[in-house]
Amino acid sequence: MNHHGKTEGWKVVDGTITGTQDKPGHGGILLTDRKYRDFEVKLELRPDFGCDSGLFLRATEKGEAYQVLLDYLDGGAVGGTYGERLKDVKGFVPRNWEEVWKRNEWNELRARIEGEVPRIQVWINGTKVTDWKDTANHLPDGAKDGMVAVQVHGGNRWIPGGQHRFRNISIRELN
């Protein structure tokens with residue numbers, strides 16, 4: 001149980017984590033059991049078009065985190081950065097993500113976060129789309145570590161019955 005949403009729409013089907021809004025507007029996150037500081041996470045994802053999601057880096061139980069955008073919808077972006085519930089984070093939206101994204105197929109995403117003032121790099125299918133550094137550490141109380149999480153966005157940025165799918169998730173600590 002976490003304090004960032006109410007969805008009970010998480011399942012594991014044939015080794016794939018699937019997430020959805022169990023009721024309209026119900027989102028939430030699925031957190032790792034432990035915290036990480038400097039690390040790289042790699043996963044494959046296949047969201048339905050029209051679903052807003054994220055990969056949370058250094059997350060708290062409340063869902064405060066640096067987020068890699070997995071916003072696969074009109075006007076969305078995959079691979080950018082955002083401060084989920086973090087004040088004064090100026091995020092980044094990559095311009096070339098759609099050039100390397102494979103529609104209706106599995107895509108590989110690799111994200112790396114390191115440093116007390118976080119630097120985040122993101123690759124989609126082997127192509128770097130983001131290399132961003134924050135201006136300061138905006139995590140609560142200046143935390144230098146946190147959990148990793150996948151998200152189902154709450155609210156209306158989700159198509160009815162839409163699914164986000166994650167598989168082959170690995171985390172490699174740096175240093």
# chains A, B, ... in the order shown; residues from 1 in each chain; ligands from 1
>>> residues_around(residues="Glu98 of chain A", least_positions_apart="3", cutoff="10 Å", atoms="only C-alpha atoms", output="PyMOL selection string")
chain A and resi 77-79+94-95+101-103+124+129
>>> write_last_selection(atoms="C-alpha atoms", output="PDB file, in the first residue's frame")
ATOM      1  CA  ALA A  77       6.259  12.589 -24.172  1.00  0.00           C
ATOM      2  CA  VAL A  78       8.246   9.486 -23.356  1.00  0.00           C
ATOM      3  CA  GLY A  79      11.709   9.776 -21.824  1.00  0.00           C
ATOM      4  CA  PRO A  94      12.838  15.377 -25.477  1.00  0.00           C
ATOM      5  CA  ARG A  95      12.135  16.328 -29.064  1.00  0.00           C
ATOM      6  CA  TRP A 101       9.717   4.832 -30.317  1.00  0.00           C
ATOM      7  CA  LYS A 102       8.088   1.743 -31.876  1.00  0.00           C
ATOM      8  CA  ARG A 103       4.307   2.093 -31.865  1.00  0.00           C
ATOM      9  CA  ILE A 124      14.875   4.643 -25.679  1.00  0.00           C
ATOM     10  CA  VAL A 129      16.874  11.163 -25.659  1.00  0.00           C
TER      11      VAL A 129
END
>>> residues_around(residues="segment 2-14 of chain A", least_positions_apart="4", cutoff="9 Å", atoms="only C-alpha atoms", output="PyMOL selection string")
chain A and resi 18-23+25-31+61-64+152-154
>>> atom_distance(atom1="atom CA of Lys87 of chain A", atom2="atom CA of Gly75 of chain A")
22.7 Å
>>> atom_distance(atom1="atom CA of Ile159 of chain A", atom2="atom CA of Asn104 of chain A")
15.4 Å
>>> atom_distance(atom1="atom CA of Trp97 of chain A", atom2="atom CA of Gly126 of chain A")
11.3 Å
>>> closest_residue(among="A:Leu174, A:Leu55, A:Trp106, A:Phe92", to="Thr16 of chain A", atoms="only C-alpha atoms")
A:Trp106
>>> closest_atom_pairs(of="segment 7-69 of chain A", to="segment 107-114 of chain A", cutoff="9 Å", atoms="only C-alpha atoms", output="Markdown table")
| residue | atom | partner | partner_atom | distance |
| --- | --- | --- | --- | --- |
| A:Arg37 | CA | A:Glu114 | CA | 7.1 |
| A:Asp38 | CA | A:Glu114 | CA | 4.4 |
| A:Phe39 | CA | A:Ile113 | CA | 5.8 |
| A:Glu40 | CA | A:Arg112 | CA | 4.2 |
| A:Val41 | CA | A:Ala111 | CA | 5.4 |
| A:Lys42 | CA | A:Arg110 | CA | 4.3 |
| A:Leu43 | CA | A:Leu109 | CA | 5.6 |
| A:Glu44 | CA | A:Glu108 | CA | 4.4 |
| A:Leu45 | CA | A:Asn107 | CA | 5.4 |
| A:Arg46 | CA | A:Asn107 | CA | 6.4 |
| A:Leu55 | CA | A:Ala111 | CA | 8.9 |
| A:Leu57 | CA | A:Ile113 | CA | 7.4 |
| A:Arg58 | CA | A:Ile113 | CA | 8.6 |
| A:Val68 | CA | A:Ala111 | CA | 7.7 |
>>> residues_around(residues="His138 of chain A", least_positions_apart="6", cutoff="10 Å", atoms="only C-alpha atoms", output="tab-separated table (two decimals) with N, CA and C atoms, in the first residue's frame")
chain	number	residue	atom	x	y	z
A	64	GLU	N	6.65	11.21	-3.98
A	64	GLU	CA	7.51	12.34	-4.34
A	64	GLU	C	8.74	11.75	-5.00
A	65	ALA	N	9.08	12.22	-6.21
A	65	ALA	CA	10.17	11.57	-6.94
A	65	ALA	C	10.59	12.39	-8.15
A	66	TYR	N	11.76	12.04	-8.65
A	66	TYR	CA	12.12	12.44	-10.01
A	66	TYR	C	11.46	11.41	-10.92
A	83	GLY	N	9.38	16.58	-12.01
A	83	GLY	CA	9.43	16.46	-10.56
A	83	GLY	C	8.06	16.14	-10.02
A	85	ARG	N	5.47	15.84	-7.55
A	85	ARG	CA	5.26	16.40	-6.21
A	85	ARG	C	6.51	17.07	-5.66
A	86	LEU	N	7.43	17.46	-6.54
A	86	LEU	CA	8.63	18.17	-6.13
A	86	LEU	C	8.50	19.62	-6.60
A	87	LYS	N	8.78	20.55	-5.71
A	87	LYS	CA	8.65	21.97	-6.01
A	87	LYS	C	9.89	22.48	-6.76
A	88	ASP	N	9.67	23.35	-7.72
A	88	ASP	CA	10.71	24.09	-8.44
A	88	ASP	C	11.60	23.24	-9.35
A	89	VAL	N	11.12	22.08	-9.77
A	89	VAL	CA	11.88	21.28	-10.73
A	89	VAL	C	11.46	21.70	-12.14
A	116	GLU	N	24.34	13.97	-5.97
A	116	GLU	CA	23.52	14.60	-4.93
A	116	GLU	C	22.55	15.59	-5.56
A	117	VAL	N	23.05	16.38	-6.53
A	117	VAL	CA	22.16	17.16	-7.39
A	117	VAL	C	21.95	16.25	-8.60
A	118	PRO	N	20.76	15.69	-8.73
A	118	PRO	CA	20.56	14.60	-9.68
A	118	PRO	C	20.78	14.97	-11.15
A	144	LYS	N	19.04	11.59	-0.68
A	144	LYS	CA	19.97	11.21	-1.74
A	144	LYS	C	19.67	9.82	-2.29
>>> select_by_dssp(residues="segment 22-174 of chain A", states="helix (DSSP H, G or I)", output="NGL selection string")
:A and (97-100 or 140-142)
>>> residues_around(residues="Leu73 of chain A", least_positions_apart="3", cutoff="6 Å", atoms="only C-alpha atoms", output="list in words")
Phe49, Gly50, Cys51 and Gly76 of chain A
>>> select_by_dssp(residues="segment 1-70 of chain A", states="strand (DSSP E)", output="count of residues only")
31
>>> closest_residue(among="A:Glu99, A:Asp33, A:Asp48, A:Asp145", to="Gly161 of chain A", atoms="only C-alpha atoms")
A:Asp48
>>> closest_residue(among="A:Ala59, A:Gly15, A:Val93, A:Leu70", to="His164 of chain A", atoms="only C-alpha atoms")
A:Leu70
>>> closest_residue(among="A:Asn156, A:Thr127, A:Ser170, A:Thr135", to="Gly115 of chain A", atoms="only C-alpha atoms")
A:Thr135
